[in-house]
Amino acid sequence: MSKSLLDINGLSKHFQLGGGRELKAVQNFTLDIKKGETVGLVGESGCGKTTAGRTIMRLYEPTAGSMIYDGVDIAKLSKRQFKAYRRRMQMIFQDPYASLNPRLTVLDIVGEALDIHGLAHGKAERKKRVEELLELVGLNAEHASRYPHEFSGGQRQRIGITRALAVNPEFVVCDEPISALDVSIQAQIINQLIDLQKQLGLTYLFVAHDLSMVKYVSDRVAVMYLGKIVELASSEELYDYPQHPYTKALLSAIPEPDPSAAREKERIVLSGDLPSPINPPSGCPFRTRCPAATEKCAAEVPELRETRPGHLAACHYA
Amino acid sequence: MTTMPDMTTMLEVKDLSVSFDVFGGEVQAIRNVSFDVKHGEAVAIVGESGSGKSVTAQTVMRLIAMPPGRVKNGEILFEGQDLLKLSEKDMQKIRGNKIGMIFQDPMTSLNPTMPVGKQISEGLVKHQGMSKSEAKERAVEMLKLVGIPTPEARYKQYPHEFSGGMRQRVMIAIALACNPSLLIADEPTTALDVTIQAQILRLMKRLQEQLGTSIILITHDLGIVADVCDRVMVMYAGQIVESGTTEEIFANPSHPYTRGLLNSLPKLSQRKDEPLVPIYGTPPDLIAPPKGCGFCDRCSFAMNICRTTHPEVTELGGSHQVRCWLQDPRAGQAAEQREVHA
């Protein structure tokens with residue numbers, strides 16, 4: 001657990017919008033992911049969590065920062081050089097309907113990954129490998145000859161997982177893998193991901209907005225707001241002792257499936273929406289919605305600092 | 001629980017079945033659904049995609065395209081009259097006027113080419129016979145009521161100038177502008193973030209208390225239900241499989257599907273070494289719904305009778321009802337007999 005697999009330091013991703021405007025989607029993202037652990041990344045839509053995941057995968061080119069993967073800074077590698085690392089790092093996408101090519105059979109969707117990295121020699125070996133993988137994720141070998149439209153949402157997400165695992169990765173970015181699925185199917189996929197992690201020794205970056213699920217799957221959780229990590233701690237610690245007012249509000253907004261608890265629960269309902277990342281507020285990005293904001297929050301940017309042992313938060317008053 | 005409902009029924013759906021004729025056959029989207037909604041009450045319809053919850057709501061609003069849709073049997077009594085027998089012209093006097101509806105996706109259900117204020121006042125001019133200036137005044141008032149800052153300026157803006165949460169507020173303002181007695185909210189917060197969801201739910205609850213509107217809330221999220229609703233109906237494969245007050249359902253979930261839904265949600269206190277209990281398998285095909293219970297293929301307690309005979313409604317006391325053979329008074333005897341034989 002203690003060895004670091006991916007050490008991300010000061011990663012930023014800015015998009016140029018024309019007219020000299022710049023969207024700072026991810027700013028100074030620093031996170032150390034250890035081998036075999038699951039790190040959750042949560043936040044509202046537009047907070048930059050998906051961009052962070054995609055930049056780590058080099059699907060977007062980082063604007064600044066370093067990403068040390070197994071001793072090599074993968075942020076600096078050329079596309080060709082990065083290919084070897086892409087085999088070791090894979091991604092599961094949010095929408096199982098849009099992320100599978102409708103004109104390929106499952107055999108080709110998964111086999112394509114094997115072809116690109118030259119992992120299967122000959123048709124028979126390729127087919128055998130795909131069938132093994134399908135069984136690993138709870139599908140049948142016969143499913144290989146079918147097309148995506150013949151599957152339900154949950155099954156499609158399993159195909160997405162199969163494709164990611166086909167190349168024997170060490171590290172998988174799961175970008176909202178269950179948010180497009182029905183509640184009854186979500187638990188199936190989550191259990192599958194946890195089983196696979198145990199069997200194959202995978203490391204996960206689990207991007208999601210569902211806090212109860214993130215708490216359940218993650219060892220550590222990072223909370224993002226407007227492109228920045230505002231709090232980072234082990235999941236028990238974060239949920240028991242949230243330090244940042246945004247984390248507190250997120251936790252109190254979780255709907256509770258228990259009528260008496262739901263009605264007694266004191267909710268911190270945030271007013272307003274996420275501010276535009278093109279023109280973010282001065283100082284603390286959260287101050288426009290924070291119930292405890294002061295003048296200091298407008299003037300000074302709070303640094304991410306240790307407020308409790310092993311618990312980082314970016315708030316002047318944490 | 002909000003103000004005590006005065007317990008007179010406003011909407012009564014009796015034995016409603018709706019099918020869609022498609023290439024592959026007849027999709028029996030809802031089968032023999034009966035329920036009622038009382039004045040001032042908030043009722044939830046819970047179920048996963050394809051369970052028929054949206055079809056139920058859209059049939060009440062008469063928004064189902066026919067064909068391919070077809071009401072096979074049943075009645076929808078709203079304040080005493082059967083909505084299914086009304087002409088389209090008469091229905092238009094009810095739709096948007098006495099029954100308001102909020103749709104799931106605030107991004108696509110507003111007209112992008114019309115200022116939002118106009119979209120609110122449109123209905124007021126049509127239904128309430130207001131003049132344009134009266135309607136504008138009322139629309140601004142509605143925008144203020146749903147918590148949109150600077151409503152006069154916002155009145156003239158277009159939907160793309162609003163965020164997702166703000167658009168959903170506009171939808172609520174449109175739905176409530178004519179002061180309807182019933183509001184149907186079809187997954188009103190599914191497209192929104194948790195923090196915005198909390199804002200919208202609080203708003204709906206406040207408006208229900210202020211205006212005394214009855215609400216039918218359609219959702220797949222049991223967490224929301226516990227917070228907002230007085231009564232719950234759980235739908236599965238086109239049927240109501242369990243219904244009761246929110247307390248009854250959460251304290252004593254009696255259908256294996258309801259229990260499965262509750263178990264699939266991780267609790268905040270749940271540790272990583274306690275596995276989640278998923279519901280295995282997928283919902284049945286409604287072109288050929290199973291002869292017995294729709295849930296039997298996914299149910300770990302399924303008995304022989306579940307595969308062959310459709311379960312009847314069992315009363316569990318209070319208003320709690322369930323369609324499950326396990327809860328049938330004869331189930332205990334059957335189990336005892338089996339033990340004797342074994």
# chains A, B, ... in the order shown; residues from 1 in each chain; ligands from 1

$ interface_residues --of "chain A" --to "chain B" --cutoff "10 Å" --atoms "only C-alpha atoms" --output "PyMOL selection string"
chain A and resi 43-45+152-155+181-191+194+209-219+236+239-240+246+249-265+267-274

$ residues_around --residues "stretch 290-298 of chain A" --least-positions-apart "3" --cutoff "8 Å" --atoms "only C-alpha atoms" --output "ChimeraX atom specification"
/A:245-246,270,281-284,286-287,301-302,316

$ closest_residue --among "A:Thr55, A:Gln192, A:Thr63, A:Thr38" --to "A:Ser12" --atoms "only C-alpha atoms"
A:Thr63

$ residues_around --residues "stretch 72-76 of chain B" --least-positions-apart "6" --cutoff "6 Å" --atoms "only C-alpha atoms" --output "JSON, numbers by chain"
{"B": [12, 13, 14, 15, 16, 17, 18, 82, 83]}

$ write_last_selection --atoms "N, CA and C atoms" --output "compact mmCIF listing (two decimals), in the first residue's frame"
# COMPACT_ATOMS: atom_id res chain seq x y z
N GLU B 12 -57.98 9.65 -8.86
CA GLU B 12 -58.10 8.23 -8.63
C GLU B 12 -57.86 7.50 -9.94
N VAL B 13 -56.83 6.67 -9.96
CA VAL B 13 -56.53 5.87 -11.14
C VAL B 13 -57.02 4.46 -10.85
N LYS B 14 -57.89 3.95 -11.74
CA LYS B 14 -58.50 2.65 -11.50
C LYS B 14 -58.13 1.67 -12.59
N ASP B 15 -57.44 0.61 -12.22
CA ASP B 15 -57.21 -0.53 -13.09
C ASP B 15 -56.70 -0.12 -14.48
N LEU B 16 -55.71 0.74 -14.51
CA LEU B 16 -55.23 1.30 -15.77
C LEU B 16 -54.20 0.37 -16.43
N SER B 17 -54.42 0.08 -17.71
CA SER B 17 -53.42 -0.68 -18.47
C SER B 17 -53.13 0.08 -19.76
N VAL B 18 -51.85 0.27 -20.05
CA VAL B 18 -51.45 0.95 -21.27
C VAL B 18 -50.44 0.09 -22.01
N ASP B 82 -63.63 11.59 -15.70
CA ASP B 82 -62.69 10.65 -16.28
C ASP B 82 -61.88 11.33 -17.39
N LEU B 83 -60.59 11.55 -17.12
CA LEU B 83 -59.75 12.26 -18.08
C LEU B 83 -59.64 11.52 -19.41

$ select_by_dssp --residues "stretch 33-273 of chain A" --states "strand (DSSP E)" --output "mmCIF file with N, CA and C atoms, in the first residue's frame"
data_model
loop_
_atom_site.group_PDB
_atom_site.id
_atom_site.type_symbol
_atom_site.label_atom_id
_atom_site.label_comp_id
_atom_site.auth_asym_id
_atom_site.auth_seq_id
_atom_site.Cartn_x
_atom_site.Cartn_y
_atom_site.Cartn_z
ATOM 1 N N ILE A 33 -1.131 8.830 -5.671
ATOM 2 C CA ILE A 33 -1.949 7.626 -5.644
ATOM 3 C C ILE A 33 -1.055 6.419 -5.381
ATOM 4 N N LYS A 34 -1.372 5.678 -4.344
ATOM 5 C CA LYS A 34 -0.520 4.545 -3.964
ATOM 6 C C LYS A 34 -0.985 3.271 -4.635
ATOM 7 N N THR A 38 -7.786 2.804 -3.785
ATOM 8 C CA THR A 38 -8.805 3.474 -4.578
ATOM 9 C C THR A 38 -8.924 4.891 -4.050
ATOM 10 N N VAL A 39 -8.710 5.848 -4.933
ATOM 11 C CA VAL A 39 -8.883 7.239 -4.538
ATOM 12 C C VAL A 39 -10.158 7.753 -5.199
ATOM 13 N N GLY A 40 -11.052 8.286 -4.420
ATOM 14 C CA GLY A 40 -12.289 8.856 -4.946
ATOM 15 C C GLY A 40 -12.076 10.316 -5.268
ATOM 16 N N LEU A 41 -12.714 10.776 -6.350
ATOM 17 C CA LEU A 41 -12.619 12.185 -6.714
ATOM 18 C C LEU A 41 -14.053 12.675 -6.888
ATOM 19 N N VAL A 42 -14.504 13.551 -5.997
ATOM 20 C CA VAL A 42 -15.906 13.977 -6.052
ATOM 21 C C VAL A 42 -16.032 15.476 -6.233
ATOM 22 N N ALA A 64 0.338 22.336 -17.389
ATOM 23 C CA ALA A 64 1.517 22.409 -16.520
ATOM 24 C C ALA A 64 1.479 21.254 -15.542
ATOM 25 N N GLY A 65 2.605 21.009 -14.909
ATOM 26 C CA GLY A 65 2.648 20.001 -13.853
ATOM 27 C C GLY A 65 3.336 18.728 -14.286
ATOM 28 N N SER A 66 3.557 17.854 -13.303
ATOM 29 C CA SER A 66 4.211 16.590 -13.603
ATOM 30 C C SER A 66 3.369 15.434 -13.092
ATOM 31 N N MET A 67 3.510 14.285 -13.729
ATOM 32 C CA MET A 67 2.832 13.073 -13.303
ATOM 33 C C MET A 67 3.864 11.962 -13.311
ATOM 34 N N ILE A 68 4.367 11.624 -12.162
ATOM 35 C CA ILE A 68 5.412 10.603 -12.083
ATOM 36 C C ILE A 68 4.738 9.244 -11.928
ATOM 37 N N TYR A 69 4.808 8.455 -13.010
ATOM 38 C CA TYR A 69 4.233 7.116 -12.964
ATOM 39 C C TYR A 69 5.391 6.140 -12.933
ATOM 40 N N VAL A 72 8.707 7.650 -13.963
ATOM 41 C CA VAL A 72 8.846 8.398 -15.213
ATOM 42 C C VAL A 72 7.778 9.502 -15.250
ATOM 43 N N ASP A 73 8.169 10.708 -15.680
ATOM 44 C CA ASP A 73 7.183 11.790 -15.779
ATOM 45 C C ASP A 73 6.391 11.625 -17.076
ATOM 46 N N MET A 89 -2.293 2.035 -18.053
ATOM 47 C CA MET A 89 -3.326 2.898 -17.474
ATOM 48 C C MET A 89 -4.543 2.855 -18.380
ATOM 49 N N GLN A 90 -5.686 2.551 -17.855
ATOM 50 C CA GLN A 90 -6.885 2.475 -18.686
ATOM 51 C C GLN A 90 -8.025 3.277 -18.084
ATOM 52 N N MET A 91 -9.080 3.413 -18.869
ATOM 53 C CA MET A 91 -10.188 4.250 -18.411
ATOM 54 C C MET A 91 -11.519 3.564 -18.679
ATOM 55 N N ILE A 92 -12.440 3.696 -17.732
ATOM 56 C CA ILE A 92 -13.819 3.238 -17.936
ATOM 57 C C ILE A 92 -14.672 4.497 -18.008
ATOM 58 N N PHE A 171 -3.510 0.514 -13.491
ATOM 59 C CA PHE A 171 -4.206 1.673 -12.957
ATOM 60 C C PHE A 171 -5.422 1.960 -13.839
ATOM 61 N N VAL A 172 -6.587 2.129 -13.239
ATOM 62 C CA VAL A 172 -7.789 2.375 -14.026
ATOM 63 C C VAL A 172 -8.486 3.636 -13.510
ATOM 64 N N VAL A 173 -8.763 4.561 -14.432
ATOM 65 C CA VAL A 173 -9.573 5.736 -14.092
ATOM 66 C C VAL A 173 -11.024 5.369 -14.376
ATOM 67 N N CYS A 174 -11.868 5.337 -13.344
ATOM 68 C CA CYS A 174 -13.283 5.022 -13.530
ATOM 69 C C CYS A 174 -14.041 6.345 -13.501
ATOM 70 N N ASP A 175 -14.488 6.813 -14.672
ATOM 71 C CA ASP A 175 -15.152 8.113 -14.738
ATOM 72 C C ASP A 175 -16.659 7.909 -14.628
ATOM 73 N N THR A 203 -5.280 -0.484 -9.172
ATOM 74 C CA THR A 203 -5.362 0.793 -8.472
ATOM 75 C C THR A 203 -6.416 1.613 -9.196
ATOM 76 N N TYR A 204 -7.343 2.219 -8.438
ATOM 77 C CA TYR A 204 -8.424 2.963 -9.086
ATOM 78 C C TYR A 204 -8.384 4.444 -8.742
ATOM 79 N N LEU A 205 -8.693 5.267 -9.734
ATOM 80 C CA LEU A 205 -9.107 6.641 -9.450
ATOM 81 C C LEU A 205 -10.588 6.660 -9.793
ATOM 82 N N PHE A 206 -11.438 6.838 -8.791
ATOM 83 C CA PHE A 206 -12.873 6.671 -8.966
ATOM 84 C C PHE A 206 -13.520 8.050 -8.964
ATOM 85 N N VAL A 207 -13.902 8.507 -10.159
ATOM 86 C CA VAL A 207 -14.482 9.838 -10.296
ATOM 87 C C VAL A 207 -16.000 9.723 -10.204
ATOM 88 N N ALA A 208 -16.648 10.489 -9.350
ATOM 89 C CA ALA A 208 -18.102 10.367 -9.214
ATOM 90 C C ALA A 208 -18.684 11.568 -8.501
ATOM 91 N N ARG A 220 -9.247 6.670 0.023
ATOM 92 C CA ARG A 220 -9.106 8.099 0.282
ATOM 93 C C ARG A 220 -10.019 8.849 -0.679
ATOM 94 N N VAL A 221 -10.432 10.051 -0.285
ATOM 95 C CA VAL A 221 -11.331 10.829 -1.130
ATOM 96 C C VAL A 221 -10.791 12.249 -1.273
ATOM 97 N N ALA A 222 -10.792 12.745 -2.531
ATOM 98 C CA ALA A 222 -10.444 14.138 -2.783
ATOM 99 C C ALA A 222 -11.712 14.861 -3.237
ATOM 100 N N VAL A 223 -11.975 16.019 -2.648
ATOM 101 C CA VAL A 223 -13.142 16.805 -3.039
ATOM 102 C C VAL A 223 -12.661 17.962 -3.900
ATOM 103 N N MET A 224 -13.280 18.126 -5.072
ATOM 104 C CA MET A 224 -12.877 19.207 -5.971
ATOM 105 C C MET A 224 -13.936 20.288 -6.039
ATOM 106 N N TYR A 225 -13.504 21.515 -6.144
ATOM 107 C CA TYR A 225 -14.432 22.619 -6.354
ATOM 108 C C TYR A 225 -13.775 23.613 -7.297
ATOM 109 N N LYS A 228 -10.110 22.949 -8.298
ATOM 110 C CA LYS A 228 -9.082 22.737 -7.283
ATOM 111 C C LYS A 228 -9.513 21.679 -6.278
ATOM 112 N N ILE A 229 -8.523 20.969 -5.743
ATOM 113 C CA ILE A 229 -8.835 20.068 -4.634
ATOM 114 C C ILE A 229 -8.996 20.927 -3.390
ATOM 115 N N VAL A 230 -10.149 20.819 -2.726
ATOM 116 C CA VAL A 230 -10.344 21.629 -1.528
ATOM 117 C C VAL A 230 -10.218 20.797 -0.257
ATOM 118 N N GLU A 231 -10.314 19.469 -0.399
ATOM 119 C CA GLU A 231 -10.142 18.633 0.790
ATOM 120 C C GLU A 231 -9.695 17.244 0.363
ATOM 121 N N LEU A 232 -8.817 16.649 1.158
ATOM 122 C CA LEU A 232 -8.305 15.309 0.848
ATOM 123 C C LEU A 232 -8.040 14.587 2.165
ATOM 124 N N ALA A 233 -8.653 13.397 2.309
ATOM 125 C CA ALA A 233 -8.446 12.624 3.537
ATOM 126 C C ALA A 233 -8.864 11.188 3.293
ATOM 127 N N SER A 234 -8.587 10.312 4.241
ATOM 128 C CA SER A 234 -9.087 8.945 4.133
ATOM 129 C C SER A 234 -10.605 9.018 4.198
#

$ select_by_dssp --residues "stretch 181-277 of chain A" --states "alpha helix (DSSP H)" --output "PyMOL selection string"
chain A and resi 183-200+211-217+235-240+245-252+259-264

$ residues_around --residues "B:Ile305" --least-positions-apart "2" --cutoff "12 Å" --atoms "only C-alpha atoms" --output "CSV table (one decimal) with all heavy atoms, in the first residue's frame"
chain,number,residue,atom,x,y,z
B,291,LYS,N,-45.7,-15.0,-16.7
B,291,LYS,CA,-47.1,-15.4,-16.3
B,291,LYS,C,-47.3,-15.1,-14.8
B,291,LYS,O,-48.3,-14.7,-14.4
B,291,LYS,CB,-47.3,-16.9,-16.6
B,291,LYS,CG,-48.7,-17.2,-16.9
B,291,LYS,CD,-48.8,-18.6,-17.6
B,291,LYS,CE,-48.5,-19.7,-16.7
B,291,LYS,NZ,-48.4,-21.0,-17.2
B,292,GLY,N,-46.3,-15.5,-14.0
B,292,GLY,CA,-46.4,-15.3,-12.6
B,292,GLY,C,-46.0,-13.9,-12.2
B,292,GLY,O,-46.3,-12.9,-12.8
B,293,CYS,N,-45.2,-13.8,-11.1
B,293,CYS,CA,-44.7,-12.5,-10.6
B,293,CYS,C,-43.6,-12.0,-11.5
B,293,CYS,O,-42.7,-12.8,-11.9
B,293,CYS,CB,-44.2,-12.8,-9.2
B,293,CYS,SG,-43.3,-11.3,-8.5
B,296,CYS,N,-39.9,-12.7,-10.3
B,296,CYS,CA,-39.5,-14.0,-9.8
B,296,CYS,C,-38.1,-14.4,-10.3
B,296,CYS,O,-37.3,-15.1,-9.6
B,296,CYS,CB,-40.5,-15.1,-10.0
B,296,CYS,SG,-40.7,-15.5,-11.7
B,301,PHE,N,-36.0,-15.5,-3.2
B,301,PHE,CA,-37.0,-16.3,-2.4
B,301,PHE,C,-38.1,-16.9,-3.2
B,301,PHE,O,-39.1,-17.3,-2.7
B,301,PHE,CB,-37.7,-15.3,-1.3
B,301,PHE,CG,-36.7,-14.6,-0.5
B,301,PHE,CD1,-36.4,-13.2,-0.8
B,301,PHE,CD2,-36.0,-15.2,0.5
B,301,PHE,CE1,-35.5,-12.5,-0.1
B,301,PHE,CE2,-35.1,-14.4,1.3
B,301,PHE,CZ,-34.9,-13.1,1.0
B,302,ALA,N,-37.9,-16.9,-4.6
B,302,ALA,CA,-39.0,-17.3,-5.4
B,302,ALA,C,-39.4,-18.8,-5.2
B,302,ALA,O,-38.6,-19.7,-4.9
B,302,ALA,CB,-38.6,-17.2,-6.9
B,303,MET,N,-40.7,-19.0,-5.2
B,303,MET,CA,-41.3,-20.3,-4.9
B,303,MET,C,-41.9,-20.8,-6.3
B,303,MET,O,-42.0,-20.0,-7.2
B,303,MET,CB,-42.4,-20.2,-3.9
B,303,MET,CG,-41.9,-19.6,-2.6
B,303,MET,SD,-43.2,-19.4,-1.3
B,303,MET,CE,-44.1,-18.1,-2.0
B,307,ARG,N,-43.8,-18.5,-10.2
B,307,ARG,CA,-43.6,-18.6,-11.6
B,307,ARG,C,-44.8,-18.9,-12.4
B,307,ARG,O,-44.9,-18.6,-13.5
B,307,ARG,CB,-42.6,-19.8,-11.9
B,307,ARG,CG,-41.2,-19.5,-11.3
B,307,ARG,CD,-40.2,-20.6,-11.6
B,307,ARG,NE,-39.2,-20.6,-10.6
B,307,ARG,CZ,-38.3,-19.6,-10.4
B,307,ARG,NH1,-38.3,-18.6,-11.2
B,307,ARG,NH2,-37.4,-19.6,-9.4
B,308,THR,N,-45.8,-19.5,-11.7
B,308,THR,CA,-47.0,-19.9,-12.4
B,308,THR,C,-48.2,-19.0,-12.2
B,308,THR,O,-49.0,-18.8,-13.1
B,308,THR,CB,-47.5,-21.3,-11.9
B,308,THR,OG1,-47.6,-21.2,-10.5
B,308,THR,CG2,-46.4,-22.3,-12.3
B,309,THR,N,-48.3,-18.3,-11.0
B,309,THR,CA,-49.6,-17.6,-10.7
B,309,THR,C,-49.2,-16.2,-10.3
B,309,THR,O,-48.3,-15.9,-9.5
B,309,THR,CB,-50.3,-18.3,-9.6
B,309,THR,OG1,-50.3,-19.7,-9.8
B,309,THR,CG2,-51.8,-17.8,-9.5
B,310,HIS,N,-50.0,-15.3,-10.9
B,310,HIS,CA,-49.7,-13.9,-10.6
B,310,HIS,C,-50.1,-13.5,-9.2
B,310,HIS,O,-51.2,-13.9,-8.8
B,310,HIS,CB,-50.6,-13.1,-11.6
B,310,HIS,CG,-50.2,-11.7,-11.6
B,310,HIS,ND1,-50.9,-10.7,-11.0
B,310,HIS,CD2,-49.1,-11.0,-12.2
B,310,HIS,CE1,-50.3,-9.6,-11.2
B,310,HIS,NE2,-49.2,-9.7,-11.9
B,311,PRO,N,-49.3,-12.9,-8.4
B,311,PRO,CA,-49.6,-12.7,-7.0
B,311,PRO,C,-50.7,-11.7,-6.9
B,311,PRO,O,-50.8,-10.7,-7.6
B,311,PRO,CB,-48.3,-12.1,-6.4
B,311,PRO,CG,-47.5,-11.7,-7.6
B,311,PRO,CD,-47.9,-12.4,-8.8
B,312,GLU,N,-51.6,-11.9,-5.9
B,312,GLU,CA,-52.7,-11.0,-5.6
B,312,GLU,C,-52.2,-10.0,-4.6
B,312,GLU,O,-51.1,-10.2,-4.0
B,312,GLU,CB,-53.9,-11.8,-5.0
B,312,GLU,CG,-54.5,-12.8,-5.9
B,312,GLU,CD,-55.2,-13.9,-5.1
B,312,GLU,OE1,-55.5,-13.7,-4.0
B,312,GLU,OE2,-55.3,-15.0,-5.7
B,324,CYS,N,-47.1,-10.0,-3.4
B,324,CYS,CA,-46.0,-11.0,-3.3
B,324,CYS,C,-46.6,-12.2,-2.5
B,324,CYS,O,-47.2,-12.1,-1.5
B,324,CYS,CB,-44.9,-10.4,-2.4
B,324,CYS,SG,-43.5,-11.6,-2.1
B,325,TRP,N,-46.3,-13.3,-3.1
B,325,TRP,CA,-46.8,-14.6,-2.5
B,325,TRP,C,-46.2,-14.8,-1.1
B,325,TRP,O,-46.9,-15.5,-0.3
B,325,TRP,CB,-46.6,-15.8,-3.4
B,325,TRP,CG,-47.5,-15.8,-4.6
B,325,TRP,CD1,-47.1,-15.8,-5.9
B,325,TRP,CD2,-48.9,-15.9,-4.6
B,325,TRP,NE1,-48.3,-15.9,-6.7
B,325,TRP,CE2,-49.4,-16.0,-5.9
B,325,TRP,CE3,-49.9,-16.0,-3.6
B,325,TRP,CZ2,-50.7,-16.0,-6.3
B,325,TRP,CZ3,-51.2,-16.1,-3.9
B,325,TRP,CH2,-51.6,-16.1,-5.2
B,326,LEU,N,-45.0,-14.3,-0.9
B,326,LEU,CA,-44.4,-14.6,0.4
B,326,LEU,C,-45.2,-14.0,1.5
B,326,LEU,O,-45.2,-14.4,2.7
B,326,LEU,CB,-43.0,-13.9,0.5
B,326,LEU,CG,-41.9,-14.6,-0.4
B,326,LEU,CD1,-40.7,-13.7,-0.4
B,326,LEU,CD2,-41.6,-15.9,0.3
B,328,ASP,N,-48.5,-13.6,1.4
B,328,ASP,CA,-49.8,-14.1,1.4
B,328,ASP,C,-50.0,-14.9,2.7
B,328,ASP,O,-49.1,-15.6,3.2
B,328,ASP,CB,-50.0,-15.1,0.2
B,328,ASP,CG,-51.5,-15.4,0.0
B,328,ASP,OD1,-51.9,-16.4,0.7
B,328,ASP,OD2,-52.1,-14.8,-0.8
B,330,ARG,N,-51.4,-17.5,3.3
B,330,ARG,CA,-51.2,-19.0,3.1
B,330,ARG,C,-49.8,-19.4,3.0
B,330,ARG,O,-49.5,-20.6,3.0
B,330,ARG,CB,-52.0,-19.4,1.9
B,330,ARG,CG,-53.5,-19.4,2.1
B,330,ARG,CD,-54.2,-19.4,0.8
B,330,ARG,NE,-54.1,-18.1,0.1
B,330,ARG,CZ,-54.7,-17.9,-1.1
B,330,ARG,NH1,-55.4,-18.8,-1.7
B,330,ARG,NH2,-54.6,-16.7,-1.7
B,331,ALA,N,-48.9,-18.4,2.8
B,331,ALA,CA,-47.5,-18.7,2.6
B,331,ALA,C,-46.8,-19.5,3.8
B,331,ALA,O,-46.1,-20.5,3.6
B,331,ALA,CB,-46.7,-17.5,2.3
B,334,ALA,N,-47.9,-23.0,3.7
B,334,ALA,CA,-47.2,-23.8,2.7
B,334,ALA,C,-45.8,-24.2,3.1
B,334,ALA,O,-45.4,-25.3,2.9
B,334,ALA,CB,-47.1,-22.9,1.4

$ atom_distance --atom1 "atom CA of A:Tyr60" --atom2 "atom CA of A:Asp32"
19.7 Å

$ closest_residue --among "A:Leu100, A:Ala314, A:Ala144, A:Val167" --to "A:Ile116" --atoms "only C-alpha atoms"
A:Val167

$ residues_around --residues "A:Leu104" --least-positions-apart "3" --cutoff "10 Å" --atoms "only C-alpha atoms" --output "MDAnalysis selection string"
chainID A and resid 100:101 107:110 112 145:148

$ write_last_selection --atoms "C-alpha atoms" --output "tab-separated table (two decimals), in the first residue's frame"
chain	number	residue	atom	x	y	z
A	100	LEU	CA	-18.97	1.50	-27.41
A	101	ASN	CA	-18.76	1.53	-31.21
A	107	LEU	CA	-15.10	-9.41	-29.91
A	108	ASP	CA	-13.75	-6.50	-31.95
A	109	ILE	CA	-14.43	-3.84	-29.32
A	110	VAL	CA	-12.32	-5.74	-26.83
A	112	GLU	CA	-9.08	-3.83	-30.77
A	145	SER	CA	-20.32	-12.22	-31.31
A	146	ARG	CA	-23.02	-9.72	-30.39
A	147	TYR	CA	-23.32	-5.97	-30.98
A	148	PRO	CA	-23.67	-3.33	-28.22

$ atom_distance --atom1 "atom CA of B:Ile215" --atom2 "atom CA of B:Asn111"
24.2 Å

$ residues_around --residues "B:Pro188" --least-positions-apart "6" --cutoff "10 Å" --atoms "only C-alpha atoms" --output "short mmCIF file (atom, residue, chain, number, x, y, z; two decimals) with C-alpha atoms, in the first residue's frame"
data_model
loop_
_atom_site.label_atom_id
_atom_site.label_comp_id
_atom_site.auth_asym_id
_atom_site.auth_seq_id
_atom_site.Cartn_x
_atom_site.Cartn_y
_atom_site.Cartn_z
CA MET B 101 -45.99 18.86 -14.88
CA ILE B 102 -42.23 19.12 -14.39
CA PHE B 103 -40.11 17.06 -16.71
CA GLN B 104 -36.85 15.33 -16.05
CA ASP B 105 -34.55 17.24 -18.28
CA PRO B 106 -34.63 21.00 -17.80
CA GLN B 168 -35.52 23.52 -13.27
CA ARG B 169 -36.78 26.43 -11.15
CA MET B 171 -39.93 24.67 -15.09
CA ILE B 172 -41.45 24.66 -11.62
CA GLN B 197 -31.05 18.75 -5.86
CA ILE B 200 -34.99 22.07 -5.61
CA LEU B 201 -36.46 19.55 -3.14
CA MET B 204 -40.93 21.89 -3.83
CA LEU B 217 -43.10 12.59 -7.48
CA ILE B 218 -41.63 10.08 -9.90
CA THR B 219 -38.13 8.96 -9.07
#

$ residues_around --residues "A:Pro280" --least-positions-apart "6" --cutoff "10 Å" --atoms "only C-alpha atoms" --output "MDAnalysis selection string"
chainID A and resid 23:24 226:227 274 286 288

$ atom_distance --atom1 "atom CA of B:Ala57" --atom2 "atom CA of B:Lys126"
23.1 Å
